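*Asks:* What follows is input08.cif, mmCIF, C-alpha atoms.
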```cif
data_target
#
loop_
_atom_site.label_atom_id
_atom_site.label_comp_id
_atom_site.auth_asym_id
_atom_site.auth_seq_id
_atom_site.Cartn_x
_atom_site.Cartn_y
_atom_site.Cartn_z
CA MET A 7 155.42 81.45 167.90
CA LYS A 8 152.94 82.63 170.51
CA PHE A 9 149.69 80.91 171.48
CA GLN A 10 147.10 80.80 174.24
CA ALA A 11 146.48 78.00 176.69
CA ASP A 12 143.22 77.00 175.02
CA LYS A 13 142.22 73.38 174.56
CA LYS A 14 143.14 73.49 170.89
CA HIS A 15 146.78 73.96 171.80
CA VAL A 16 147.18 72.41 175.27
CA ARG A 17 145.85 69.53 177.33
CA VAL A 18 144.13 70.79 180.48
CA THR A 19 143.62 68.76 183.65
CA GLY A 20 141.61 69.77 186.69
CA ARG A 21 139.12 72.56 187.15
CA THR A 22 140.46 75.65 185.42
CA VAL A 23 138.86 78.90 184.24
CA PHE A 24 139.57 80.17 180.70
CA ARG A 25 138.53 83.81 180.55
CA GLU A 26 139.52 86.59 178.12
CA GLY A 27 142.22 84.35 176.68
CA ILE A 28 143.84 83.56 180.03
CA ARG A 29 143.90 80.07 181.55
CA TYR A 30 143.69 80.26 185.35
CA LEU A 31 145.07 77.35 187.33
CA GLY A 32 143.39 77.54 190.72
CA TYR A 33 143.12 74.22 192.50
CA SER A 34 146.19 72.22 193.50
CA ALA A 35 147.62 70.06 190.71
CA THR A 36 145.74 71.75 187.88
CA THR A 37 147.89 71.56 184.75
CA ILE A 38 148.38 72.50 181.15
CA SER A 39 150.56 70.38 178.83
CA PHE A 40 151.75 71.02 175.30
CA CYS A 41 154.18 69.50 172.81
CA PHE A 42 156.56 71.41 170.56
CA THR A 43 159.70 71.18 168.50
CA GLY A 44 162.34 73.81 169.22
CA THR A 45 164.85 74.89 171.85
CA LYS A 46 162.86 77.12 174.21
CA ALA A 47 159.41 77.54 175.75
CA VAL A 48 158.32 80.54 177.79
CA ALA A 49 155.10 81.34 179.66
CA LYS A 50 153.77 84.77 180.53
CA ILE A 51 152.00 84.36 183.85
CA ARG A 52 149.77 86.73 185.78
CA SER A 53 149.29 86.57 189.54
CA ASN A 54 148.26 88.87 192.38
CA ALA A 55 151.41 88.61 194.46
CA SER A 56 151.24 92.28 195.41
CA THR A 57 148.08 91.63 197.44
CA HIS A 58 149.52 88.62 199.30
CA SER A 59 152.34 88.09 201.76
CA LYS A 60 155.45 86.22 200.66
CA LEU A 61 154.22 83.15 202.52
CA GLU A 62 151.08 83.08 200.34
CA TYR A 63 152.64 83.40 196.88
CA ALA A 64 151.58 80.94 194.19
CA TRP A 65 154.08 78.30 193.12
CA VAL A 66 154.19 76.23 189.94
CA ALA A 67 156.31 73.31 188.79
CA VAL A 68 157.52 72.37 185.32
CA PHE A 69 157.77 68.77 184.10
CA VAL A 70 159.55 67.79 180.89
CA ASP A 71 158.38 64.79 178.84
CA ASP A 72 157.27 61.93 181.11
CA GLU A 73 159.41 62.84 184.12
CA THR A 74 157.65 62.55 187.49
CA GLN A 75 160.12 64.89 189.20
CA PRO A 76 159.86 68.56 188.26
CA ALA A 77 162.63 70.13 186.24
CA LYS A 78 162.05 73.34 188.21
CA ARG A 79 159.77 74.95 190.80
CA ILE A 80 158.97 78.61 190.33
CA CYS A 81 157.57 81.21 192.72
CA LEU A 82 155.14 83.69 191.17
CA ASP A 83 156.41 86.68 193.14
CA GLN A 84 155.32 89.33 190.62
CA ASP A 85 151.93 90.34 189.29
CA GLU A 86 153.13 89.46 185.79
CA GLN A 87 156.31 87.72 184.72
CA ASP A 88 157.83 85.67 181.94
CA ILE A 89 159.15 82.30 183.08
CA VAL A 90 161.31 79.93 181.06
CA LEU A 91 159.66 76.54 181.07
CA TYR A 92 162.34 74.81 179.02
CA GLU A 93 165.57 75.68 177.25
CA GLY A 94 167.98 73.35 175.46
CA GLU A 95 170.87 73.68 173.06
CA GLU A 96 169.65 71.14 170.54
CA THR A 97 166.41 71.32 168.60
CA ALA A 98 164.15 68.62 170.01
CA SER A 99 160.53 67.60 170.39
CA ARG A 100 159.41 68.00 173.99
CA GLN A 101 156.30 67.68 176.12
CA ILE A 102 156.00 70.43 178.73
CA THR A 103 153.62 70.30 181.70
CA LEU A 104 153.02 73.27 183.98
CA MET A 105 151.40 72.32 187.30
CA LYS A 106 150.11 74.59 190.05
CA TYR A 107 151.58 73.42 193.33
CA THR A 108 149.76 75.79 195.67
CA GLU A 109 146.10 75.62 196.48
CA ALA A 110 143.16 77.79 195.53
CA GLU A 111 143.07 79.84 198.74
CA TYR A 112 146.28 81.71 198.05
CA ALA A 113 147.67 83.80 195.18
CA ALA A 114 146.37 83.22 191.66
CA CYS A 115 148.05 81.81 188.56
CA GLY A 116 146.86 82.91 185.12
CA ILE A 117 148.65 81.80 181.95
CA VAL A 118 148.42 84.81 179.63
CA GLU A 119 150.27 83.27 176.70
CA LEU A 120 152.89 80.71 175.75
CA GLU A 121 155.77 81.16 173.35
CA ILE A 122 158.04 78.61 171.67
CA SER A 123 161.18 79.28 169.64
CA ASP A 124 164.09 77.50 167.99
CA ALA A 125 167.48 79.16 168.33
CA ASN A 126 168.96 76.82 165.72
CA HIS A 127 166.24 77.39 163.14
CA PRO A 128 164.62 80.79 163.83
CA GLY A 129 161.02 80.91 162.76
CA GLN A 130 160.83 77.15 162.21
CA GLU A 131 159.70 76.07 165.66
CA GLY A 132 156.63 73.88 165.60
CA LEU A 133 153.68 73.43 167.91
CA LEU A 134 152.59 69.78 167.94
CA PRO A 135 149.19 68.33 168.90
CA PRO A 136 148.68 68.33 172.67
CA PRO A 137 149.18 65.05 174.55
CA GLU A 138 146.22 62.72 174.96
CA HIS A 139 144.30 62.41 178.21
CA LYS A 140 144.69 59.20 180.20
CA GLU A 141 141.97 56.58 179.89
CA ARG A 142 141.46 56.47 183.66
CA VAL A 143 140.18 59.65 185.31
CA VAL A 144 139.96 59.97 189.10
CA GLU A 145 138.57 62.94 191.01
CA PHE A 146 139.80 63.70 194.53
CA PHE A 147 137.35 65.60 196.73
CA GLY A 148 139.07 66.67 199.92
CA ASP A 149 140.74 69.20 202.18
CA SER A 150 144.31 70.20 203.02
CA ILE A 151 145.63 66.64 203.08
CA THR A 152 144.50 66.20 199.48
CA CYS A 153 146.26 69.47 198.52
CA GLY A 154 149.63 68.47 199.93
CA TYR A 155 149.35 71.29 202.49
CA GLY A 156 152.54 71.67 204.52
CA VAL A 157 153.80 68.28 203.37
CA GLU A 158 157.34 69.64 203.12
CA GLY A 159 157.04 71.73 206.28
CA ASN A 160 157.90 71.04 209.89
CA VAL A 161 155.47 70.71 212.77
CA GLU A 162 157.70 72.93 214.91
CA VAL A 163 157.10 75.92 212.60
CA LEU A 164 153.59 77.18 213.35
CA GLU A 165 153.15 79.02 210.09
CA LEU A 166 152.18 77.89 206.62
CA ASN A 167 154.59 78.68 203.80
CA THR A 168 153.12 77.92 200.36
CA ALA A 169 156.64 77.04 199.21
CA GLU A 170 156.19 73.87 201.28
CA GLU A 171 152.97 72.74 199.58
CA ASN A 172 153.42 69.92 197.11
CA PRO A 173 150.54 67.86 195.67
CA MET A 174 153.03 65.42 194.16
CA LYS A 175 153.79 64.33 197.74
CA SER A 176 150.13 64.04 198.71
CA TYR A 177 148.26 60.73 198.76
CA SER A 178 146.09 62.13 195.93
CA LEU A 179 148.66 62.32 193.15
CA MET A 180 150.52 59.32 194.54
CA THR A 181 147.29 57.31 194.28
CA ALA A 182 146.71 58.59 190.75
CA GLN A 183 150.21 57.45 189.76
CA LEU A 184 149.62 54.00 191.24
CA LEU A 185 146.37 53.77 189.25
CA ASP A 186 147.91 55.27 186.08
CA ALA A 187 145.10 57.79 186.16
CA GLU A 188 144.58 61.46 185.44
CA ALA A 189 143.78 63.37 188.62
CA ASN A 190 141.35 66.19 189.24
CA LEU A 191 141.60 67.76 192.72
CA VAL A 192 138.71 69.68 194.28
CA SER A 193 140.32 70.47 197.62
CA TRP A 194 140.61 73.35 200.06
CA ASN A 195 142.37 73.44 203.40
CA GLY A 196 140.39 73.78 206.59
CA LYS A 197 137.02 73.02 204.98
CA GLY A 198 134.61 70.20 205.70
CA VAL A 199 131.14 68.81 205.12
CA ILE A 200 129.23 70.70 207.85
CA THR A 201 131.90 73.04 209.22
CA SER A 202 135.34 74.44 208.66
CA TYR A 203 138.07 73.82 211.22
CA ILE A 204 137.21 75.74 214.41
CA GLY A 205 140.10 74.90 216.73
CA ASP A 206 140.14 73.34 220.17
CA GLU A 207 138.13 75.89 222.16
CA GLU A 208 135.17 74.24 223.86
CA ASP A 209 132.79 77.12 223.11
CA ALA A 210 133.82 77.57 219.45
CA GLU A 211 130.82 77.71 217.14
CA LYS A 212 130.34 75.81 213.90
CA ASP A 213 131.60 77.65 210.81
CA ASP A 214 129.42 76.67 207.85
CA SER A 215 130.16 79.68 205.63
CA TRP A 216 132.39 78.04 203.00
CA LEU A 217 132.03 74.27 202.76
CA MET A 218 133.16 71.63 200.30
CA PRO A 219 129.70 70.54 199.03
CA TYR A 220 129.10 74.21 198.14
CA LEU A 221 132.46 74.63 196.38
CA TYR A 222 131.91 71.40 194.46
CA ARG A 223 129.28 73.00 192.21
CA TYR A 224 131.62 75.64 190.79
CA THR A 225 134.64 75.50 188.53
CA ASP A 226 136.67 77.67 190.91
CA ALA A 227 134.66 79.59 193.50
CA GLY A 228 137.80 80.93 195.14
CA LEU A 229 138.96 82.59 191.92
CA GLU A 230 135.52 84.08 191.32
CA ARG A 231 135.27 85.49 194.85
CA ASP A 232 138.84 86.49 195.67
CA TYR A 233 140.39 87.36 192.29
CA PHE A 234 137.57 88.52 190.04
CA ALA A 235 135.32 89.71 192.91
CA ASN A 236 132.27 88.56 190.95
CA PRO A 237 128.81 88.24 192.51
CA VAL A 238 127.77 84.65 193.15
CA ASP A 239 125.23 84.58 190.34
CA GLN A 240 128.07 85.17 187.86
CA TRP A 241 130.33 82.37 189.07
CA GLU A 242 131.11 79.73 186.47
CA LYS A 243 129.53 76.38 187.29
CA TRP A 244 131.53 73.23 186.68
CA SER A 245 130.47 71.34 183.58
CA PHE A 246 129.73 67.87 184.91
CA GLU A 247 128.25 67.01 181.51
CA GLU A 248 131.72 67.31 179.93
CA TYR A 249 133.74 65.75 182.73
CA HIS A 250 133.23 62.09 183.62
CA PRO A 251 135.54 60.54 186.23
CA GLN A 252 135.26 56.79 186.61
CA LEU A 253 136.07 57.11 190.32
CA VAL A 254 135.61 59.85 192.93
CA ILE A 255 137.77 59.57 196.05
CA VAL A 256 136.41 61.51 199.03
CA TYR A 257 138.71 62.43 201.91
CA LEU A 258 136.64 64.78 204.09
CA GLY A 259 135.83 64.94 207.79
CA THR A 260 139.13 65.82 209.46
CA ASN A 261 138.08 69.46 209.85
CA ASP A 262 134.52 68.53 210.85
CA ALA A 263 135.94 66.57 213.77
CA SER A 264 137.05 69.84 215.39
CA TYR A 265 133.33 70.55 215.87
CA THR A 266 131.72 67.12 216.18
CA ARG A 267 134.35 65.82 218.61
CA ASP A 268 132.75 62.95 220.54
CA VAL A 269 129.31 64.53 220.80
CA PRO A 270 126.76 61.97 219.48
CA GLU A 271 124.26 64.58 218.23
CA ARG A 272 126.96 66.38 216.26
CA GLN A 273 128.35 63.16 214.84
CA LYS A 274 124.85 62.19 213.69
CA GLU A 275 124.47 65.63 212.07
CA PHE A 276 127.73 65.03 210.22
CA GLU A 277 126.73 61.51 209.18
CA ASP A 278 123.41 62.69 207.73
CA ALA A 279 125.14 65.49 205.82
CA TYR A 280 127.77 63.06 204.54
CA VAL A 281 125.04 60.80 203.13
CA ASP A 282 123.50 63.82 201.41
CA MET A 283 126.91 64.77 200.01
CA LEU A 284 127.36 61.27 198.58
CA GLY A 285 124.00 61.68 196.87
CA MET A 286 125.20 64.94 195.31
CA VAL A 287 128.44 63.35 194.11
CA GLN A 288 126.52 60.46 192.53
CA GLU A 289 123.99 62.79 190.95
CA LYS A 290 126.72 64.95 189.41
CA ASN A 291 128.78 61.94 188.30
CA PRO A 292 126.31 59.23 187.27
CA GLY A 293 127.99 55.89 186.86
CA ALA A 294 131.12 56.85 188.80
CA ALA A 295 132.26 54.70 191.71
CA ILE A 296 132.93 56.40 195.06
CA LEU A 297 135.70 55.57 197.52
CA CYS A 298 135.52 57.26 200.92
CA THR A 299 138.48 57.44 203.27
CA ILE A 300 139.66 59.17 206.46
CA GLY A 301 142.01 58.66 209.38
CA ALA A 302 145.59 59.83 208.90
CA MET A 303 145.21 62.98 211.04
CA ASP A 304 142.07 62.26 213.06
CA GLN A 305 140.11 59.07 213.78
CA ARG A 306 137.02 60.49 215.48
CA LEU A 307 134.73 60.37 212.43
CA ASN A 308 135.81 56.99 211.09
CA GLY A 309 132.67 55.36 212.46
CA PRO A 310 130.15 57.94 211.21
CA ILE A 311 131.70 57.91 207.74
CA SER A 312 131.68 54.12 207.62
CA ASP A 313 128.03 54.16 208.71
CA ALA A 314 127.18 56.83 206.12
CA VAL A 315 128.70 54.72 203.36
CA LYS A 316 126.69 51.68 204.51
CA ARG A 317 123.48 53.72 204.57
CA PHE A 318 124.13 55.11 201.12
CA ASP A 319 124.98 51.69 199.74
CA GLN A 320 121.80 50.18 201.13
CA ALA A 321 119.65 52.99 199.74
CA ASN A 322 121.42 52.85 196.35
CA PRO A 323 122.08 49.16 195.62
CA GLU A 324 123.13 49.99 192.06
CA SER A 325 125.98 52.17 193.35
CA LYS A 326 129.61 51.10 193.57
CA ILE A 327 131.02 52.45 196.83
CA CYS A 328 133.44 51.48 199.59
CA PHE A 329 135.10 52.86 202.72
CA VAL A 330 138.83 52.69 203.47
CA GLN A 331 139.92 53.41 207.03
CA LEU A 332 143.47 54.75 207.17
CA PRO A 333 145.81 54.23 210.11
CA GLU A 334 146.67 57.29 212.14
CA GLN A 335 149.99 58.84 211.18
CA ASP A 336 153.09 57.68 213.07
CA GLU A 337 155.24 60.49 214.46
CA ALA A 338 158.27 58.40 213.51
CA ASP A 339 157.37 59.18 209.89
CA GLY A 340 157.57 62.89 210.62
CA LEU A 341 154.95 65.61 210.93
CA GLY A 342 154.42 68.48 208.50
CA THR A 343 153.07 71.98 209.06
CA PHE A 344 150.27 72.02 211.64
CA TRP A 345 150.61 68.25 212.16
CA HIS A 346 149.86 67.42 208.53
CA PRO A 347 151.04 64.13 207.03
CA THR A 348 154.50 63.94 205.53
CA GLU A 349 155.42 62.38 202.20
CA LYS A 350 156.14 59.08 203.94
CA THR A 351 152.71 58.96 205.58
CA ASN A 352 151.00 59.99 202.34
CA ARG A 353 152.77 57.21 200.49
CA LYS A 354 151.46 54.63 202.94
CA CYS A 355 147.94 56.02 202.58
CA ALA A 356 148.18 56.06 198.79
CA LYS A 357 149.08 52.37 198.72
CA LEU A 358 146.04 51.43 200.82
CA ILE A 359 143.69 53.62 198.80
CA ALA A 360 145.05 52.48 195.44
CA ASP A 361 144.75 48.81 196.41
CA ALA A 362 141.12 49.34 197.43
CA ALA A 363 140.42 51.31 194.26
CA LYS A 364 141.85 48.54 192.07
CA GLU A 365 139.58 46.03 193.77
CA LEU A 366 136.53 48.30 193.56
CA MET A 367 137.13 49.14 189.89
CA ASN A 368 138.64 45.84 188.80
CA TRP A 369 141.67 47.75 187.52
#
```
Any chance you could give the structure as structure tokens?
*Replies:*
Amino acid sequence: MKFQADKKHVRVTGRTVFREGIRYLGYSATTISFCFTGTKAVAKIRSNASTHSKLEYAWVAVFVDDETQPAKRICLDQDEQDIVLYEGEETASRQITLMKYTEAEYAACGIVELEISDANHPGQEGLLPPPEHKERVVEFFGDSITCGYGVEGNVEVLELNTAEENPMKSYSLMTAQLLDAEANLVSWNGKGVITSYIGDEEDAEKDDSWLMPYLYRYTDAGLERDYFANPVDQWEKWSFEEYHPQLVIVYLGTNDASYTRDVPERQKEFEDAYVDMLGMVQEKNPGAAILCTIGAMDQRLNGPISDAVKRFDQANPESKICFVQLPEQDEADGLGTFWHPTEKTNRKCAKLIADAAKELMNW
């Protein structure tokens, strides 16, 4: 039995594009889940591996039933391939979840079709109703740390390998697990509120060409620009009317700090833009609480973010918002690719964020 990854047949989490019958998983941790009775499940997946280096291939992971550890991780090293999601000897009812591990910047992942079969009872396999969504829904708005960028890498290797990205080891999905919540990640490495990462050169100029508040408006701007090559006026806008997180967790500012540094005028520019961004988040998600956090990789914008949250709270007394300052990562806990937090550091951060979220939300 063959079927498409439409919402009639599968549960979808995160911002995905469904176009011409293909479900594109772009952002980190986007998923589809389905339930079936049979012995085997296969997915036909389309990518653009031929236009990327091996270090930029897309990776996906497969979870069976309620397991939190993947049954397998698969590299999408071809432009189209059939991958076995599950195969067993006995006919059984299973829940299968396919999660994109790599982030939106790199190679694409489009689910062309799914197929289930039953070797013991040919033609009698059955597609069951998709699993229900969780009652709690949390959106994570962030950068590379939120993606799980380089979390399995080593600081001594100055090169990103997408095989070492893993959102399950990021604070984001760890926090979602602690809150028993469904996660939606809007995250892109190197991007910030007023600038992208610009390095350590003193004369480096601000890079405001591709920022997170801009990306936030679209379902998947990276897919539209880099895969479909569509003009901006044709990009699909995210349907905030249909998606209602109870909590938005914002982890932005680490990349901005490469520009603001300790320059008061630049820090004030960032703070003002951060307040505006909070207004946009509240406008798009009326009624949602907001938790802002920063600190594991860089502490220089802790103060401006804390001040921005206070300003926003004072101007919007009906809002529910808080700031959580994270401790700077300890080298004893390891360092990932380009000094990114390791699983151990992310776990510590997730505990602090989840505890604050429970208090804020009375969960």
*Asks:* Of the residues A:Val144, A:Ala235, A:Cys355, A:Ile102, which is the one nearest to Ser176 of chain A, using all atoms listed in the file?
*Replies:* A:Cys355
*Asks:* If I take atom CA of Asp226 of chain A and atom CA of Glu170 of chain A, how far is one from the other in Å, to one decimal?
*Replies:*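 Atom-to-atom, atom CA of Asp226 of chain A and atom CA of Glu170 of chain A are spaced 22.4 Å apart.
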*Asks:* Could you put an axis-aligned box around every listed atom of segment 208-222 of chain A, padded by 4 Å on each side, and send me its centre and edge lengths in Å to one decimal, as lines of an AutoDock Vina configuration file?
*Replies:*
```
center_x = 132.1
center_y = 75.1
center_z = 209.2
size_x = 14.1
size_y = 17.1
size_z = 37.4
```
*Asks:* Near Thr36 of chain A, counting only C-alpha atoms, which residues have an atom at most 8 Å away, once you skip same-chain residues fewer than 5 positions from it, shown as a ChimeraX atom specification?
*Replies:* /A:18-22,31,105-106,190-191
*Asks:* Around the point (141.9, 63.4, 206.0) (coordinates from the file), which residues reach within 12 Å if we count only C-alpha atoms? Answer as a PyMOL selection string.
*Replies:* chain A and resi 146-155+176-178+193-198+255-263+298-308+311+330-335+345-347+351-352+355
*Asks:* Which residues come within 12 Å of Phe234 of chain A, counting only C-alpha atoms, excluding same-chain residues fewer than 6 positions away, as a PyMOL selection string?
*Replies:* chain A and resi 23+25+30+53-54+114+116+226-228+240-242
